Number of protein chains: 2
Amino acid sequence: MAAPQSDSAEYLAKKQRLRKVLTLYGRKPTLEALLDANTAVQRLHLADSNRGGGIIAEILEHAKRRGVEVRYHSREQLARISRNSKQDQGVACDIDCPNYLELTQWLNASSGTERQHLMALDGVTNPQNLGMIIRSVAASPLHGVIVPQRGCAELSPLVVKASAGALFKAPLCRVERLLPALRQLQQHGFALAMLSSHRATPLPQWRPPAKVVYVMGNESDGVSAEIAELCQERLMIPMANGVESLNVAVAAALVAFSGSA
Amino acid sequence: MAAPQSDSAEYLAKKQRLRKVLTLYGRKPTLEALLDANTAVQRLHLADSNRGGGIIAEILEHAKRRGVEVRYHSREQLARISRNSKQDQGVACDIDCPNYLELTQWLNASSGTERQHLMALDGVTNPQNLGMIIRSVAASPLHGVIVPQRGCAELSPLVVKASAGALFKAPLCRVERLLPALRQLQQHGFALAMLSSHRATPLPQWRPPAKVVYVMGNESDGVSAEIAELCQERLMIPMANGVESLNVAVAAALVAFSGSA
């Protein structure tokens with residue numbers, strides 16, 4: 001099957017621009033975003049069917065105060081914007097995420113000696129963990145985190161909350177599916193590393209190559225079989241007292257900061 | 001005021017033995033403890049008022065299978081055992097925690113050159129965070145974690161769950177209040193260190209002395225003022241992308257494992 005021939009410059013520019021926007025939904029999350037001076041709310045979306053007063057009046061008041069553009073939609077249009085009609089409560093907002101990245105930025109980095117240390121998430125389904133990981137990676141020396149649309153928790157208000165707002169500052173890259181993205185990165189010289197309990201290099205002894213992607217897996221099942229097969233590098237975090245594993249968000253933070261310690 | 005003169009050998013032995021037991025409550029948590037082969041359930045406590053059948057029958061069946069001692073109590077006696085009559089559902093169990101420690105074990109370690117690296121929690125009130133921290137410390141090279149009875153979340157089934165069972169394996173020390181315990185440790189040659197955003201040593205550059213206690217503070221307010229005054233050492237985790245702070249459980253893990261990286 002041929003790839004769709006829609007990769008014109010305008011299309012790519014629009015796609016890239018769109019990727020730098022995260023759409024939040026729900027009344028309370030939207031109000032919180034408007035109240036947080038550090039969150040760049042670009043646009044407020046309201047369903048025509050919302051009754052005025054109460055929290056809707058409050059949302060409109062703060063949007064006005066901040067000069068945020070307000071758009072009205074039918075209930076159906078709003079559902080297409082929020083992509084979660086069950087929980088959007090007739091309200092959504094677009095938030096600027098200036099640090100969002102395209103996979104091509106890493107693929108096209110010409111020199112193999114420039115340090116590019118990434119993290120990729122394979123099936124992190126708990127919103128708390130996802131938010132914590134994004135927060136930790138944003139704060140860490142890593143260059144970015146890849147969160148696939150399939151298999152991971154969606155970037156919902158719960159994730160925003162668990163990230164303590166770092167979701168908007170994080171060098172985040174969205175891809176549709178993780179496996180093809182990792183294959184591409186591998187073809188461009190990235191080593192793929194995952195945590196494993198046997199035949200693994202202890203993290204304190206690990207000397208990473210210039211280009212590496214650390215893959216973190218699902219809370220219960222770890223990295224999926226087909227992705228584990230791609231990963232040549234196995235790392236382990238030595239553990240005391242017979243503890244068998246760490247919380248995935250804790251393990252991700254130890255990996256993300258391991259280069260700096 | 002004179003200290004109570006009840007520190008006889010028998011009293012101390014009993015106190016120490018008691019501290020090596022954690023009492024869980026609730027029907028589901030008790031059943032889960034009985035189903036987990038790694039959890040050493042010592043004793044099952046049931047209220048006389050429980051109706052037989054259902055989950056109670058299941059609990060009794062697994063207690064019998066494992067040879068766990070069963071004791072029956074009045075509702076009032078059970079409330080004294082669980083210390084949470086609102087949530088105990090007429091069921092509690094005692095769990096062996098062989099790695100529980102006494103503060104005196106650290107205070108009396110004679111040589112100042114022996115490495116004793118501890119963590120102490122000052123007002124960690126979220127059960128999820130508390131459980132994650134206990135799990136991380138148990139797995140880390142630290143020698144123990146001090147969880148005061150006052151100011152932190154109680155060691156409830158929620159904490160056990162968030163610790164993924166590591167609560168029973170952790171080198172855990174319980175004290176009534178943290179401040180006097182830290183004063184004692186300081187008098188016995190322990191340096192006290194806390195995270196801080198200014199005038200602080202970056203964690204990667206920190207060379208800890210032989211005896212140190214890392215104090216982690218409350219999720220929102222950090223370390224309390226009177227304890228911050230005691231801490232001579234200030235550490236910071238360098239953060240990128242304008243992220244202002246890390247989740248306390250993540251920060252605790254980075255500190256706990258920092259010696260090993």
# chains A, B, ... in the order shown; residues from 1 in each chain; ligands from 1

call {"tool": "select_by_dssp", "arguments": {"residues": "stretch 160-203 of chain B", "states": "strand (DSSP E or B)", "output": "ChimeraX atom specification"}}
result
/B:172-175,191-195,201-202

call {"tool": "write_last_selection", "arguments": {"atoms": "C-alpha atoms", "output": "PDB file, in the first residue's frame"}}
result
ATOM      1  CA  LEU B 172      11.581   0.768  58.261  1.00  0.00           C
ATOM      2  CA  CYS B 173      11.874   2.630  61.545  1.00  0.00           C
ATOM      3  CA  ARG B 174       8.829   4.078  63.265  1.00  0.00           C
ATOM      4  CA  VAL B 175       9.117   6.968  65.683  1.00  0.00           C
ATOM      5  CA  ALA B 191      24.524  15.007  59.027  1.00  0.00           C
ATOM      6  CA  LEU B 192      21.007  16.107  58.083  1.00  0.00           C
ATOM      7  CA  ALA B 193      20.388  16.937  54.426  1.00  0.00           C
ATOM      8  CA  MET B 194      17.309  18.261  52.636  1.00  0.00           C
ATOM      9  CA  LEU B 195      16.447  19.320  49.114  1.00  0.00           C
ATOM     10  CA  THR B 201      24.909  21.331  46.256  1.00  0.00           C
ATOM     11  CA  PRO B 202      23.788  19.678  42.996  1.00  0.00           C
TER      12      PRO B 202
END

call {"tool": "select_by_dssp", "arguments": {"residues": "stretch 71-184 of chain A", "states": "alpha helix (DSSP H)", "output": "ChimeraX atom specification"}}
result
/A:75-82,103-107,127-139,157-162,178-184

call {"tool": "interface_residues", "arguments": {"of": "chain A", "to": "chain B", "cutoff": "6 Å", "atoms": "only C-alpha atoms", "output": "NGL selection string"}}
result
:A and (139-140 or 204 or 239-240 or 243 or 250 or 261)

call {"tool": "residues_around", "arguments": {"residues": "B:Pro157", "least_positions_apart": "4", "cutoff": "9 Å", "atoms": "only C-alpha atoms", "output": "ChimeraX atom specification"}}
result
/B:24-26,29-30,161-162

call {"tool": "write_last_selection", "arguments": {"atoms": "N, CA, C and O atoms", "output": "mmCIF file, in the first residue's frame"}}
result
data_model
loop_
_atom_site.group_PDB
_atom_site.id
_atom_site.type_symbol
_atom_site.label_atom_id
_atom_site.label_comp_id
_atom_site.auth_asym_id
_atom_site.auth_seq_id
_atom_site.Cartn_x
_atom_site.Cartn_y
_atom_site.Cartn_z
ATOM 1 N N LEU B 24 -2.616 -4.761 59.522
ATOM 2 C CA LEU B 24 -3.455 -4.326 58.395
ATOM 3 C C LEU B 24 -4.917 -4.524 58.765
ATOM 4 O O LEU B 24 -5.230 -5.388 59.572
ATOM 5 N N TYR B 25 -5.810 -3.800 58.136
ATOM 6 C CA TYR B 25 -7.236 -3.999 58.403
ATOM 7 C C TYR B 25 -8.020 -3.963 57.096
ATOM 8 O O TYR B 25 -7.510 -3.513 56.065
ATOM 9 N N GLY B 26 -9.263 -4.452 57.207
ATOM 10 C CA GLY B 26 -10.122 -4.467 56.018
ATOM 11 C C GLY B 26 -10.185 -5.865 55.427
ATOM 12 O O GLY B 26 -9.235 -6.634 55.517
ATOM 13 N N PRO B 29 -7.960 -6.187 51.842
ATOM 14 C CA PRO B 29 -6.508 -6.182 52.104
ATOM 15 C C PRO B 29 -6.046 -7.426 52.866
ATOM 16 O O PRO B 29 -4.972 -7.960 52.575
ATOM 17 N N THR B 30 -6.866 -7.895 53.815
ATOM 18 C CA THR B 30 -6.487 -9.088 54.572
ATOM 19 C C THR B 30 -6.471 -10.312 53.663
ATOM 20 O O THR B 30 -5.538 -11.125 53.703
ATOM 21 N N LYS B 161 -0.439 -1.214 49.233
ATOM 22 C CA LYS B 161 -0.661 -1.442 47.814
ATOM 23 C C LYS B 161 0.315 -0.620 46.967
ATOM 24 O O LYS B 161 0.941 -1.146 46.043
ATOM 25 N N ALA B 162 0.447 0.660 47.327
ATOM 26 C CA ALA B 162 1.353 1.521 46.552
ATOM 27 C C ALA B 162 2.806 1.067 46.695
ATOM 28 O O ALA B 162 3.638 1.347 45.838
#

call {"tool": "residues_around", "arguments": {"residues": "B:Asp94", "least_positions_apart": "6", "cutoff": "7 Å", "atoms": "only C-alpha atoms", "output": "PyMOL selection string"}}
result
chain B and resi 21-24+41-44

call {"tool": "write_last_selection", "arguments": {"atoms": "all heavy atoms", "output": "tab-separated table (two decimals), in the first residue's frame"}}
result
chain	number	residue	atom	x	y	z
B	21	VAL	N	5.86	-5.86	63.77
B	21	VAL	CA	4.57	-6.33	63.27
B	21	VAL	C	3.78	-5.13	62.76
B	21	VAL	O	3.75	-4.09	63.40
B	21	VAL	CB	3.79	-7.03	64.41
B	21	VAL	CG1	2.33	-7.18	64.04
B	21	VAL	CG2	4.41	-8.37	64.71
B	22	LEU	N	3.18	-5.30	61.60
B	22	LEU	CA	2.31	-4.25	61.08
B	22	LEU	C	0.90	-4.83	61.05
B	22	LEU	O	0.69	-5.94	60.57
B	22	LEU	CB	2.74	-3.85	59.67
B	22	LEU	CG	1.89	-2.76	59.03
B	22	LEU	CD1	2.20	-1.41	59.64
B	22	LEU	CD2	2.11	-2.73	57.54
B	23	THR	N	-0.05	-4.08	61.60
B	23	THR	CA	-1.43	-4.56	61.59
B	23	THR	C	-2.20	-3.91	60.43
B	23	THR	O	-2.35	-2.70	60.37
B	23	THR	CB	-2.12	-4.25	62.93
B	23	THR	OG1	-1.37	-4.89	63.97
B	23	THR	CG2	-3.54	-4.78	62.94
B	24	LEU	N	-2.62	-4.76	59.52
B	24	LEU	CA	-3.45	-4.33	58.40
B	24	LEU	C	-4.92	-4.52	58.77
B	24	LEU	O	-5.23	-5.39	59.57
B	24	LEU	CB	-3.20	-5.22	57.19
B	24	LEU	CG	-2.11	-4.85	56.19
B	24	LEU	CD1	-2.27	-5.72	54.97
B	24	LEU	CD2	-2.22	-3.40	55.80
B	41	VAL	N	1.84	-13.55	57.16
B	41	VAL	CA	0.73	-13.22	58.05
B	41	VAL	C	0.86	-14.05	59.31
B	41	VAL	O	0.94	-15.27	59.27
B	41	VAL	CB	-0.63	-13.49	57.36
B	41	VAL	CG1	-1.78	-13.10	58.29
B	41	VAL	CG2	-0.73	-12.75	56.04
B	42	GLN	N	0.89	-13.34	60.45
B	42	GLN	CA	1.18	-14.00	61.72
B	42	GLN	C	-0.11	-14.38	62.43
B	42	GLN	O	-0.17	-15.40	63.10
B	42	GLN	CB	1.96	-13.00	62.59
B	42	GLN	CG	2.93	-13.59	63.54
B	42	GLN	CD	3.66	-12.49	64.28
B	42	GLN	OE1	3.06	-11.72	65.02
B	42	GLN	NE2	4.95	-12.41	64.06
B	43	ARG	N	-1.12	-13.54	62.30
B	43	ARG	CA	-2.32	-13.68	63.12
B	43	ARG	C	-3.49	-13.01	62.41
B	43	ARG	O	-3.31	-11.95	61.81
B	43	ARG	CB	-2.08	-12.95	64.45
B	43	ARG	CG	-2.75	-13.56	65.65
B	43	ARG	CD	-2.24	-12.91	66.93
B	43	ARG	NE	-0.87	-13.33	67.26
B	43	ARG	CZ	0.22	-12.55	67.16
B	43	ARG	NH1	0.11	-11.29	66.75
B	43	ARG	NH2	1.40	-13.03	67.46
B	44	LEU	N	-4.64	-13.67	62.47
B	44	LEU	CA	-5.85	-13.08	61.89
B	44	LEU	C	-6.77	-12.68	63.04
B	44	LEU	O	-7.00	-13.46	63.96
B	44	LEU	CB	-6.53	-14.12	60.99
B	44	LEU	CG	-7.90	-13.78	60.41
B	44	LEU	CD1	-7.82	-12.59	59.46
B	44	LEU	CD2	-8.47	-15.01	59.69

call {"tool": "atom_distance", "arguments": {"atom1": "atom CA of A:Val215", "atom2": "atom CA of A:Leu121"}}
result
5.9 Å

call {"tool": "atom_distance", "arguments": {"atom1": "atom CA of B:Trp106", "atom2": "atom CA of B:Cys93"}}
result
29.0 Å

call {"tool": "residues_around", "arguments": {"residues": "A:Gln105", "least_positions_apart": "3", "cutoff": "12 Å", "atoms": "only C-alpha atoms", "output": "PyMOL selection string"}}
result
chain A and resi 16+100-102+108-110+116+143-144+171-173+185+188

call {"tool": "atom_distance", "arguments": {"atom1": "atom CA of B:Cys152", "atom2": "atom CA of B:Ile227"}}
result
14.4 Å

call {"tool": "residues_around", "arguments": {"residues": "A:Leu178", "least_positions_apart": "6", "cutoff": "9 Å", "atoms": "only C-alpha atoms", "output": "VMD selection string"}}
result
chain A and resid 120 to 122 146 to 151 227

call {"tool": "residues_around", "arguments": {"residues": "A:Arg80", "least_positions_apart": "6", "cutoff": "12 Å", "atoms": "only C-alpha atoms", "output": "list of chain:residue names"}}
result
A:Thr23, A:Tyr25, A:His45, A:Ala47, A:His73, A:Ser74, A:Lys86, A:Asp88, A:Gly90, A:Val91, A:Ala92

call {"tool": "write_last_selection", "arguments": {"atoms": "N, CA and C atoms", "output": "compact mmCIF listing (two decimals), in the first residue's frame"}}
result
# COMPACT_ATOMS: atom_id res chain seq x y z
N THR A 23 -5.12 19.61 23.25
CA THR A 23 -6.49 19.99 23.56
C THR A 23 -6.94 19.31 24.84
N TYR A 25 -9.93 18.96 27.89
CA TYR A 25 -11.39 19.07 27.95
C TYR A 25 -11.88 18.99 29.39
N HIS A 45 -12.96 26.48 23.54
CA HIS A 45 -14.05 25.92 22.74
C HIS A 45 -15.25 25.65 23.65
N ALA A 47 -19.52 24.50 23.77
CA ALA A 47 -20.70 24.01 23.04
C ALA A 47 -21.82 25.03 23.19
N HIS A 73 -19.40 26.09 19.25
CA HIS A 73 -19.61 24.96 18.35
C HIS A 73 -20.90 24.24 18.70
N SER A 74 -21.38 23.44 17.73
CA SER A 74 -22.46 22.53 18.07
C SER A 74 -21.88 21.43 18.97
N LYS A 86 -17.90 12.06 26.10
CA LYS A 86 -18.47 11.62 27.37
C LYS A 86 -17.98 12.45 28.54
N ASP A 88 -16.23 15.67 28.09
CA ASP A 88 -15.81 17.06 27.84
C ASP A 88 -16.70 18.10 28.51
N GLY A 90 -18.95 19.83 27.43
CA GLY A 90 -19.20 20.98 26.57
C GLY A 90 -18.11 22.03 26.56
N VAL A 91 -16.94 21.68 27.09
CA VAL A 91 -15.85 22.66 27.20
C VAL A 91 -14.52 22.02 26.82
N ALA A 92 -13.72 22.73 26.02
CA ALA A 92 -12.36 22.27 25.72
C ALA A 92 -11.48 23.50 25.52
